[in-house]
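*Asks:* Next up, structure.tsv (TSV, C-alpha atoms).
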chain	number	residue	atom	x	y	z
R	1	MET	CA	-5.17	-19.47	-75.82
R	2	GLY	CA	-7.91	-16.86	-76.00
R	3	LYS	CA	-7.55	-13.35	-74.69
R	4	CYS	CA	-10.18	-14.04	-72.07
R	5	MET	CA	-8.30	-17.07	-70.75
R	6	LYS	CA	-5.02	-15.09	-70.66
R	7	LYS	CA	-6.72	-12.43	-68.57
R	8	VAL	CA	-8.02	-15.04	-66.14
R	9	LEU	CA	-4.56	-16.59	-65.79
R	10	SER	CA	-2.96	-13.19	-65.30
R	11	VAL	CA	-5.39	-12.32	-62.54
R	12	ALA	CA	-4.91	-15.71	-60.89
R	13	LEU	CA	-1.13	-15.34	-60.98
R	14	ALA	CA	-1.37	-11.85	-59.53
R	15	ILE	CA	-3.64	-13.06	-56.72
R	16	GLY	CA	-1.30	-15.97	-56.05
R	17	LEU	CA	1.70	-13.67	-55.93
R	18	ILE	CA	-0.04	-11.27	-53.52
R	19	ALA	CA	-1.20	-14.15	-51.33
R	20	GLY	CA	2.30	-15.59	-51.28
R	21	MET	CA	3.77	-12.22	-50.33
R	22	ALA	CA	1.13	-11.77	-47.62
R	23	ALA	CA	1.78	-15.23	-46.26
R	24	GLY	CA	5.50	-14.59	-46.30
R	25	CYS	CA	4.98	-11.24	-44.60
R	26	SER	CA	2.66	-12.79	-42.00
R	27	SER	CA	5.11	-15.60	-41.39
R	28	SER	CA	7.91	-13.07	-41.10
R	29	LYS	CA	5.88	-10.98	-38.66
R	30	LYS	CA	5.07	-14.04	-36.55
R	31	GLU	CA	8.69	-15.09	-36.53
R	32	SER	CA	9.76	-11.54	-35.65
R	33	SER	CA	7.17	-11.41	-32.88
R	34	LYS	CA	8.39	-14.74	-31.52
R	35	ASN	CA	11.95	-13.52	-31.63
R	36	ASN	CA	11.02	-10.27	-29.89
R	37	ASP	CA	9.07	-12.15	-27.19
R	38	ALA	CA	11.96	-14.54	-26.68
R	39	ALA	CA	14.40	-11.64	-26.49
R	40	ALA	CA	12.19	-9.83	-23.98
R	41	LYS	CA	11.93	-12.98	-21.90
R	42	GLU	CA	15.68	-13.44	-22.08
R	43	GLU	CA	16.37	-9.83	-21.12
R	44	GLY	CA	13.73	-9.72	-18.38
R	45	SER	CA	11.77	-6.72	-17.14
R	46	GLY	CA	14.81	-4.63	-16.26
R	47	SER	CA	13.89	-5.01	-12.58
R	48	ALA	CA	15.80	-7.63	-10.62
R	49	THR	CA	13.08	-7.60	-7.95
R	50	LEU	CA	10.23	-8.06	-10.40
R	51	ASP	CA	12.07	-10.77	-12.33
R	52	ALA	CA	12.72	-12.70	-9.11
R	53	ILE	CA	9.04	-12.44	-8.11
R	54	LEU	CA	7.85	-13.67	-11.51
R	55	GLU	CA	10.44	-16.45	-11.55
R	56	LYS	CA	9.37	-17.91	-8.18
R	57	GLY	CA	5.68	-17.19	-8.80
R	58	LYS	CA	5.21	-15.52	-5.43
R	59	ILE	CA	5.43	-12.06	-3.92
R	60	VAL	CA	6.06	-11.59	-0.19
R	61	VAL	CA	4.28	-8.51	1.16
R	62	GLY	CA	4.73	-6.94	4.59
R	63	CYS	CA	1.45	-5.74	6.12
R	64	SER	CA	0.76	-4.37	9.60
R	65	LEU	CA	-2.00	-6.59	10.95
R	66	ASN	CA	-2.41	-4.61	14.17
R	67	GLY	CA	-5.51	-2.54	13.63
R	68	ALA	CA	-8.74	-2.79	11.68
R	69	PRO	CA	-9.58	-1.85	9.04
R	70	ILE	CA	-6.04	-1.21	7.69
R	71	GLY	CA	-4.82	-4.70	8.58
R	72	PHE	CA	-5.97	-7.43	10.98
R	73	THR	CA	-6.80	-11.12	11.20
R	74	ASP	CA	-10.27	-12.57	11.53
R	75	ASP	CA	-11.31	-15.29	13.99
R	76	SER	CA	-9.91	-17.98	11.70
R	77	GLY	CA	-6.53	-16.22	11.41
R	78	LYS	CA	-7.10	-15.01	7.86
R	79	GLU	CA	-5.43	-11.71	6.94
R	80	MET	CA	-7.94	-8.94	6.23
R	81	GLY	CA	-8.07	-5.19	5.67
R	82	TYR	CA	-7.38	-2.37	3.25
R	83	ASP	CA	-3.62	-2.97	3.00
R	84	VAL	CA	-4.15	-6.73	2.61
R	85	ASP	CA	-6.52	-6.03	-0.28
R	86	TRP	CA	-3.75	-4.00	-1.94
R	87	ALA	CA	-1.26	-6.83	-1.45
R	88	ASN	CA	-3.64	-9.37	-2.97
R	89	ARG	CA	-4.49	-7.02	-5.83
R	90	LEU	CA	-0.80	-6.67	-6.72
R	91	GLY	CA	-0.42	-10.45	-6.72
R	92	GLU	CA	-3.50	-10.76	-8.93
R	93	VAL	CA	-2.16	-8.24	-11.46
R	94	LEU	CA	1.25	-9.95	-11.53
R	95	GLY	CA	-0.31	-13.40	-11.73
R	96	VAL	CA	1.60	-14.72	-8.70
R	97	ASP	CA	0.78	-16.08	-5.24
R	98	VAL	CA	0.83	-13.70	-2.28
R	99	GLU	CA	2.45	-14.39	1.08
R	100	ILE	CA	1.59	-11.90	3.83
R	101	VAL	CA	4.19	-11.26	6.56
R	102	ASN	CA	2.98	-9.42	9.65
R	103	VAL	CA	5.16	-6.39	10.50
R	104	ASP	CA	4.81	-3.45	12.87
R	105	ALA	CA	6.06	0.14	12.97
R	106	GLU	CA	9.44	-0.93	14.34
R	107	THR	CA	10.08	-3.99	12.15
R	108	ARG	CA	8.55	-3.08	8.79
R	109	LEU	CA	11.49	-1.17	7.25
R	110	PRO	CA	14.11	-3.69	8.47
R	111	ALA	CA	11.95	-6.51	7.06
R	112	LEU	CA	12.10	-4.78	3.67
R	113	THR	CA	15.76	-3.76	3.62
R	114	SER	CA	16.88	-7.21	4.80
R	115	GLY	CA	15.00	-8.91	1.96
R	116	ARG	CA	12.51	-10.68	4.23
R	117	VAL	CA	9.68	-9.09	2.21
R	118	ASP	CA	9.57	-7.83	-1.38
R	119	VAL	CA	7.33	-4.81	-0.78
R	120	LEU	CA	5.43	-3.10	2.03
R	121	PHE	CA	1.76	-2.23	2.10
R	122	ALA	CA	1.99	-1.51	5.81
R	123	ASN	CA	0.46	1.91	6.49
R	124	VAL	CA	3.87	3.51	5.86
R	125	THR	CA	4.03	7.30	5.69
R	126	GLY	CA	6.30	8.37	2.86
R	127	ASN	CA	8.72	11.03	4.08
R	128	LEU	CA	12.20	12.30	3.24
R	129	GLU	CA	13.87	10.65	6.22
R	130	ARG	CA	12.58	7.19	5.33
R	131	ALA	CA	13.31	7.82	1.66
R	132	GLN	CA	17.01	7.72	2.53
R	133	SER	CA	16.72	3.97	3.13
R	134	VAL	CA	13.76	2.82	0.99
R	135	ASP	CA	11.91	3.93	-2.13
R	136	PHE	CA	8.23	4.89	-2.19
R	137	SER	CA	5.44	4.60	-4.72
R	138	ILE	CA	2.95	7.40	-5.28
R	139	PRO	CA	0.42	7.52	-2.38
R	140	TYR	CA	-2.37	4.93	-2.32
R	141	LEU	CA	-4.00	6.65	0.68
R	142	ARG	CA	-3.81	9.94	2.56
R	143	ALA	CA	-4.15	9.90	6.33
R	144	GLY	CA	-3.43	12.09	9.34
R	145	ILE	CA	-2.45	11.40	12.93
R	146	LYS	CA	-5.26	11.72	15.49
R	147	MET	CA	-5.47	11.23	19.23
R	148	LEU	CA	-7.56	8.52	20.85
R	149	THR	CA	-8.78	8.98	24.45
R	150	ALA	CA	-11.45	7.67	26.77
R	151	ALA	CA	-14.88	9.06	25.94
R	152	ASP	CA	-15.03	11.15	29.15
R	153	SER	CA	-11.44	12.46	28.92
R	154	GLU	CA	-10.54	16.09	29.54
R	155	LEU	CA	-7.49	15.69	27.28
R	156	HIS	CA	-8.32	17.00	23.82
R	157	THR	CA	-5.05	18.14	22.25
R	158	LEU	CA	-1.42	17.07	22.07
R	159	GLU	CA	-0.43	19.99	24.29
R	160	ASP	CA	-2.77	18.74	27.03
R	161	LEU	CA	-0.54	15.68	27.37
R	162	ASN	CA	2.61	17.55	28.42
R	163	ASN	CA	2.39	16.46	32.02
R	164	PRO	CA	4.31	13.75	33.95
R	165	ASP	CA	0.98	12.43	35.27
R	166	VAL	CA	-0.15	11.61	31.73
R	167	THR	CA	0.67	8.32	30.00
R	168	VAL	CA	0.61	8.01	26.23
R	169	SER	CA	0.61	4.70	24.37
R	170	VAL	CA	2.43	4.63	21.02
R	171	ASN	CA	4.28	2.29	18.66
R	172	ARG	CA	8.04	2.69	18.74
R	173	GLY	CA	9.30	4.31	15.52
R	174	SER	CA	5.89	5.72	14.60
R	175	THR	CA	4.87	9.25	13.65
R	176	GLY	CA	2.81	9.33	16.86
R	177	GLU	CA	5.92	8.74	18.95
R	178	ALA	CA	7.71	11.60	17.17
R	179	LEU	CA	4.81	13.98	17.86
R	180	VAL	CA	4.62	13.13	21.56
R	181	THR	CA	8.39	13.35	21.99
R	182	GLU	CA	8.48	16.81	20.39
R	183	TYR	CA	5.31	18.45	21.70
R	184	ALA	CA	4.65	16.63	24.99
R	185	PRO	CA	8.13	15.76	26.28
R	186	ASP	CA	7.00	15.60	29.91
R	187	ALA	CA	4.46	12.85	29.24
R	188	ASN	CA	5.21	9.24	30.11
R	189	ILE	CA	5.44	7.02	27.04
R	190	LEU	CA	4.15	3.46	27.14
R	191	TYR	CA	5.47	1.53	24.13
R	192	VAL	CA	3.40	-1.16	22.47
R	193	ASP	CA	3.84	-3.48	19.51
R	194	ASN	CA	0.57	-2.58	17.85
R	195	PHE	CA	-2.36	-0.20	17.95
R	196	THR	CA	-4.73	-2.91	19.19
R	197	ASP	CA	-2.76	-2.93	22.46
R	198	SER	CA	-2.99	0.88	22.62
R	199	VAL	CA	-6.77	0.71	22.26
R	200	LEU	CA	-6.99	-1.81	25.09
R	201	GLN	CA	-4.76	0.29	27.35
R	202	VAL	CA	-6.85	3.44	26.81
R	203	GLU	CA	-10.06	1.49	27.37
R	204	GLN	CA	-8.71	0.00	30.64
R	205	GLY	CA	-7.32	3.34	31.87
R	206	LYS	CA	-3.68	2.21	31.70
R	207	ALA	CA	-3.01	4.97	29.15
R	208	ASP	CA	-4.61	8.38	28.86
R	209	ALA	CA	-4.15	8.70	25.11
R	210	ALA	CA	-2.82	6.97	22.02
R	211	PHE	CA	-1.86	8.21	18.56
R	212	GLU	CA	-2.35	6.63	15.17
R	213	ASP	CA	-3.68	7.43	11.73
R	214	ASN	CA	-7.20	8.82	11.70
R	215	THR	CA	-8.25	5.81	9.63
R	216	VAL	CA	-7.74	3.41	12.54
R	217	VAL	CA	-8.45	5.86	15.41
R	218	GLU	CA	-11.86	6.79	14.02
R	219	TYR	CA	-12.67	3.15	13.28
R	220	ALA	CA	-11.72	2.08	16.83
R	221	ALA	CA	-13.86	4.84	18.36
R	222	SER	CA	-16.81	3.95	16.12
R	223	GLN	CA	-16.68	0.37	17.41
R	224	ASN	CA	-16.43	1.20	21.13
R	225	ASP	CA	-18.52	3.80	22.99
R	226	LYS	CA	-15.88	3.97	25.76
R	227	LEU	CA	-13.46	5.61	23.34
R	228	GLU	CA	-13.34	8.94	21.55
R	229	ALA	CA	-11.40	10.17	18.55
R	230	GLN	CA	-10.34	13.76	19.27
R	231	GLU	CA	-11.13	16.23	16.52
R	232	LYS	CA	-7.72	17.70	15.68
R	233	MET	CA	-5.66	16.08	12.93
R	234	TYR	CA	-1.92	16.69	13.34
R	235	THR	CA	-0.59	15.64	9.96
R	236	SER	CA	-1.72	15.02	6.41
R	237	ASP	CA	0.46	12.17	5.29
R	238	PRO	CA	0.94	10.23	2.07
R	239	ILE	CA	0.63	6.49	2.71
R	240	CYS	CA	2.80	4.68	0.16
R	241	ALA	CA	3.99	1.26	-0.89
R	242	ALA	CA	7.69	0.85	-0.09
R	243	CYS	CA	10.38	-1.17	-1.83
R	244	ARG	CA	14.14	-1.61	-1.53
R	245	LYS	CA	16.57	1.00	-2.77
R	246	GLY	CA	18.43	0.46	-6.02
R	247	ASP	CA	15.64	-0.91	-8.24
R	248	MET	CA	13.93	2.11	-9.78
R	249	GLU	CA	12.28	-0.07	-12.45
R	250	PHE	CA	10.33	-1.84	-9.71
R	251	THR	CA	9.47	1.50	-8.08
R	252	ARG	CA	8.17	2.74	-11.43
R	253	TYR	CA	6.12	-0.44	-11.81
R	254	LEU	CA	4.57	0.15	-8.37
R	255	ASP	CA	3.81	3.75	-9.39
R	256	MET	CA	1.91	2.55	-12.46
R	257	PHE	CA	0.15	-0.18	-10.48
R	258	VAL	CA	-1.07	2.26	-7.83
R	259	SER	CA	-2.02	4.84	-10.44
R	260	TRP	CA	-4.19	2.39	-12.36
R	261	GLN	CA	-5.98	1.20	-9.23
R	262	ILE	CA	-6.88	4.82	-8.45
R	263	SER	CA	-7.91	5.84	-11.98
R	264	SER	CA	-10.01	2.68	-12.44
R	265	GLY	CA	-12.01	3.34	-9.26
R	266	TRP	CA	-10.75	0.19	-7.53
R	267	GLN	CA	-9.04	2.17	-4.76
R	268	SER	CA	-12.16	4.20	-4.02
R	269	ASP	CA	-14.39	1.11	-3.97
R	270	THR	CA	-11.97	-0.72	-1.65
R	271	TYR	CA	-11.76	2.23	0.75
R	272	GLU	CA	-15.55	2.56	0.84
R	273	LYS	CA	-15.86	-1.18	1.57
R	274	TRP	CA	-13.85	-0.77	4.77
R	275	TRP	CA	-14.82	2.72	6.00
R	276	GLY	CA	-18.24	3.23	4.47
R	277	THR	CA	-17.28	6.60	2.99
R	278	LYS	CA	-15.42	7.90	-0.05
R	279	PRO	CA	-11.67	8.44	0.41
R	280	ALA	CA	-9.77	11.71	0.13
R	281	GLU	CA	-9.03	12.44	-3.51
R	282	LEU	CA	-5.70	11.09	-4.76
R	283	ASN	CA	-3.65	12.15	-7.76
R	284	TYR	CA	-2.65	9.58	-10.34
R	285	LEU	CA	-0.16	9.69	-13.20
R	286	TRP	CA	-1.53	7.37	-15.88
What is this file in structure tokens?

*Replies:*
Amino acid sequence: MGKCMKKVLSVALAIGLIAGMAAGCSSSKKESSKNNDAAAKEEGSGSATLDAILEKGKIVVGCSLNGAPIGFTDDSGKEMGYDVDWANRLGEVLGVDVEIVNVDAETRLPALTSGRVDVLFANVTGNLERAQSVDFSIPYLRAGIKMLTAADSELHTLEDLNNPDVTVSVNRGSTGEALVTEYAPDANILYVDNFTDSVLQVEQGKADAAFEDNTVVEYAASQNDKLEAQEKMYTSDPICAACRKGDMEFTRYLDMFVSWQISSGWQSDTYEKWWGTKPAELNYLW
């Protein structure tokens, strides 16, 4: 065999050896990847809540459908609003169906802690008192409590309400109720199930004032020239997603989910769709 032929054979053998090693390595990597994927699937996400959601292919979200544009139903009964968009976005990211359960200020936390819903996007203010019973994500909105009155009202501040001849309409268990109880204890309180009822009562003169987040108070006033949103804002509150205690992996997942919707611009676009203006700036982690 000539030297030239020996060289050719040597090169061919070397190439074959390298190809065989590469194929073996690739096969090994694929097998390792399969094993890792299988192990991850077997071990789950580390969150019992998230695993259960993925297993059944559905997430149940509590939303307050009692006031546009945060949450409401259209003429056909379809759920709409800013919070509903968040619920549907979470389902889209997880790749699961979304079931919306209507809750109000009084029933939303019990619906979560009892397991009736998996998570709340229900205009919930994150505070230390509530954090004793549920966990919160980072804020997906900032809002403050404002007062709604009739357009010709002489009542402009919370202190103006501290009179037994004044009637204030609020949701039981809401931040508005706490404000009225503390700063206008002499006022009569008329409890309602939702802010839509408060709006109707103020419009009809059955209540002199109502309290809710500026997001819904300003929207209601903009849609009805008989109503007025008073200027003063009484709080600056973080509005957060809420989940059950004891599953910090799911809380961390919600943190990342909210953070990415803010950093990507989705949150800002969604807010502008409903209010026509840019939202207050929010911090994000990732």

*Asks:* Just want the 12 Å neighbourhood of Glu177 (chain R), counted on all atoms listed in the file, with same-chain residues fewer than 4 positions away dropped. Output as JSON, numbers by chain.

*Replies:* {"R": [105, 106, 145, 147, 158, 168, 169, 170, 171, 172, 173, 181, 182, 183, 184, 185, 187, 188, 189, 190, 191, 192, 209, 210, 211, 212]}

*Asks:* Just the number, please: distance in Å from CA of Met233 (chain R) to CA of Gly176 (chain R), one decimal.

*Replies:*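 Between CA of Met233 (chain R) and CA of Gly176 (chain R) the gap works out to 11.5 Å.
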
*Asks:* Rank R:Asp193, R:Val258, R:Arg89, R:Asp74 by their smallest atom-to-atom distance to Ile239 (chain R), using all atoms listed in the file, and report the top residue only.

*Replies:*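 Of R:Asp193, R:Val258, R:Arg89, R:Asp74, the one nearest Ile239 (chain R) is R:Val258, counting all atoms listed in the file.
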
*Asks:* For each of R:Asn224, R:Lys56, R:Asn123, R:Asn214, take the minimum atom-to-atom distance to Lys146 (chain R), counting only C-alpha atoms, then give the residue where this is smallest.

*Replies:*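 Closest residue, counting only C-alpha atoms: R:Asn214.
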
*Asks:* Take CA of Leu227 (chain R) and CA of Ser268 (chain R) and report the distance between them in Å, one decimal.

*Replies:*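 It comes out at 27.4 Å.
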
*Asks:* Please, what distance in Å, to one decimal, runs between CA of Val119 (chain R) and CA of Ala241 (chain R)?

*Replies:*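 Interatomic distance, CA of Val119 (chain R) to CA of Ala241 (chain R): 6.9 Å.
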
*Asks:* Please list as a list in words every residue within 7 Å of Phe121 (chain R), counting only C-alpha atoms and excluding residues in the same chain fewer than 6 positions away.

*Replies:*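 Selected residues are Val61, Gly62, Cys63, Asp83, Ala87 and Ala241 of chain R.
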
*Asks:* Please save C-alpha atoms of the selected residues as a PDB file, in the frame of the given file.

*Replies:*
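Result file follows (selection.pdb):
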ATOM      1  CA  VAL R  61       4.280  -8.510   1.160  1.00  0.00           C
ATOM      2  CA  GLY R  62       4.730  -6.940   4.590  1.00  0.00           C
ATOM      3  CA  CYS R  63       1.450  -5.740   6.120  1.00  0.00           C
ATOM      4  CA  ASP R  83      -3.620  -2.970   3.000  1.00  0.00           C
ATOM      5  CA  ALA R  87      -1.260  -6.830  -1.450  1.00  0.00           C
ATOM      6  CA  ALA R 241       3.990   1.260  -0.890  1.00  0.00           C
TER       7      ALA R 241
END

*Asks:* Using all atoms listed in the file, which of the listed residues (R:Glu218, R:Asp225, R:Glu154, R:Asp51) sits closest to Glu203 (chain R)?

*Replies:*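 Among the listed residues, the smallest separation from Glu203 (chain R) belongs to R:Asp225.
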
*Asks:* From the block you just saw, export region 198-270 of chain R: C-alpha atoms, as a compact mmCIF listing (two decimals), in the first residue's frame.

*Replies:*
# COMPACT_ATOMS: atom_id res chain seq x y z
CA SER R 198 -72.83 52.44 45.35
CA VAL R 199 -72.77 54.42 42.11
CA LEU R 200 -76.52 53.92 41.67
CA GLN R 201 -77.23 54.97 45.26
CA VAL R 202 -75.20 58.19 44.93
CA GLU R 203 -76.85 58.96 41.60
CA GLN R 204 -80.35 58.43 43.08
CA GLY R 205 -79.58 60.43 46.24
CA LYS R 206 -79.87 57.42 48.55
CA ALA R 207 -76.23 57.92 49.57
CA ASP R 208 -74.25 61.14 49.83
CA ALA R 209 -70.88 59.58 49.07
CA ALA R 210 -69.11 56.35 48.24
CA PHE R 211 -65.48 55.26 48.43
CA GLU R 212 -63.45 53.08 46.11
CA ASP R 213 -60.16 53.05 44.26
CA ASN R 214 -59.56 56.09 42.08
CA THR R 215 -59.43 53.78 39.07
CA VAL R 216 -63.14 52.97 39.32
CA VAL R 217 -64.32 56.25 40.92
CA GLU R 218 -62.80 58.37 38.15
CA TYR R 219 -64.12 56.01 35.48
CA ALA R 220 -67.66 56.12 36.94
CA ALA R 221 -67.60 59.94 37.07
CA SER R 222 -66.30 60.16 33.51
CA GLN R 223 -69.27 58.10 32.31
CA ASN R 224 -71.98 60.03 34.20
CA ASP R 225 -72.28 63.83 34.41
CA LYS R 226 -74.44 63.50 37.56
CA LEU R 227 -71.41 62.23 39.48
CA GLU R 228 -68.13 63.77 40.58
CA ALA R 229 -64.85 62.27 41.71
CA GLN R 230 -63.53 64.44 44.55
CA GLU R 231 -59.92 65.53 44.18
CA LYS R 232 -58.29 64.20 47.35
CA MET R 233 -56.71 60.74 47.27
CA TYR R 234 -56.58 59.11 50.72
CA THR R 235 -54.21 56.24 50.12
CA SER R 236 -51.56 55.04 47.70
CA ASP R 237 -52.01 51.32 47.68
CA PRO R 238 -50.28 48.38 46.02
CA ILE R 239 -52.80 46.21 44.17
CA CYS R 240 -51.49 42.64 44.17
CA ALA R 241 -52.34 39.12 43.10
CA ALA R 242 -53.08 36.97 46.15
CA CYS R 243 -52.55 33.27 46.74
CA ARG R 244 -52.86 30.85 49.65
CA LYS R 245 -50.34 30.73 52.45
CA GLY R 246 -47.78 27.94 52.57
CA ASP R 247 -46.73 27.75 48.90
CA MET R 248 -43.91 30.25 48.46
CA GLU R 249 -42.87 28.64 45.17
CA PHE R 250 -46.21 29.66 43.68
CA THR R 251 -45.88 33.16 45.16
CA ARG R 252 -42.43 33.45 43.57
CA TYR R 253 -43.87 32.29 40.25
CA LEU R 254 -46.55 35.00 40.46
CA ASP R 255 -43.82 37.56 41.25
CA MET R 256 -41.94 36.61 38.10
CA PHE R 257 -45.13 36.54 36.03
CA VAL R 258 -46.15 40.04 37.15
CA SER R 259 -42.61 41.35 36.74
CA TRP R 260 -42.37 40.16 33.15
CA GLN R 261 -45.73 41.65 32.20
CA ILE R 262 -44.53 45.01 33.50
CA SER R 263 -41.04 44.92 31.96
CA SER R 264 -42.40 43.78 28.58
CA GLY R 265 -44.84 46.70 28.38
CA TRP R 266 -47.92 44.45 28.46
CA GLN R 267 -49.15 45.94 31.74
CA SER R 268 -48.85 49.50 30.47
CA ASP R 269 -50.62 48.68 27.19
CA THR R 270 -53.44 46.90 29.04
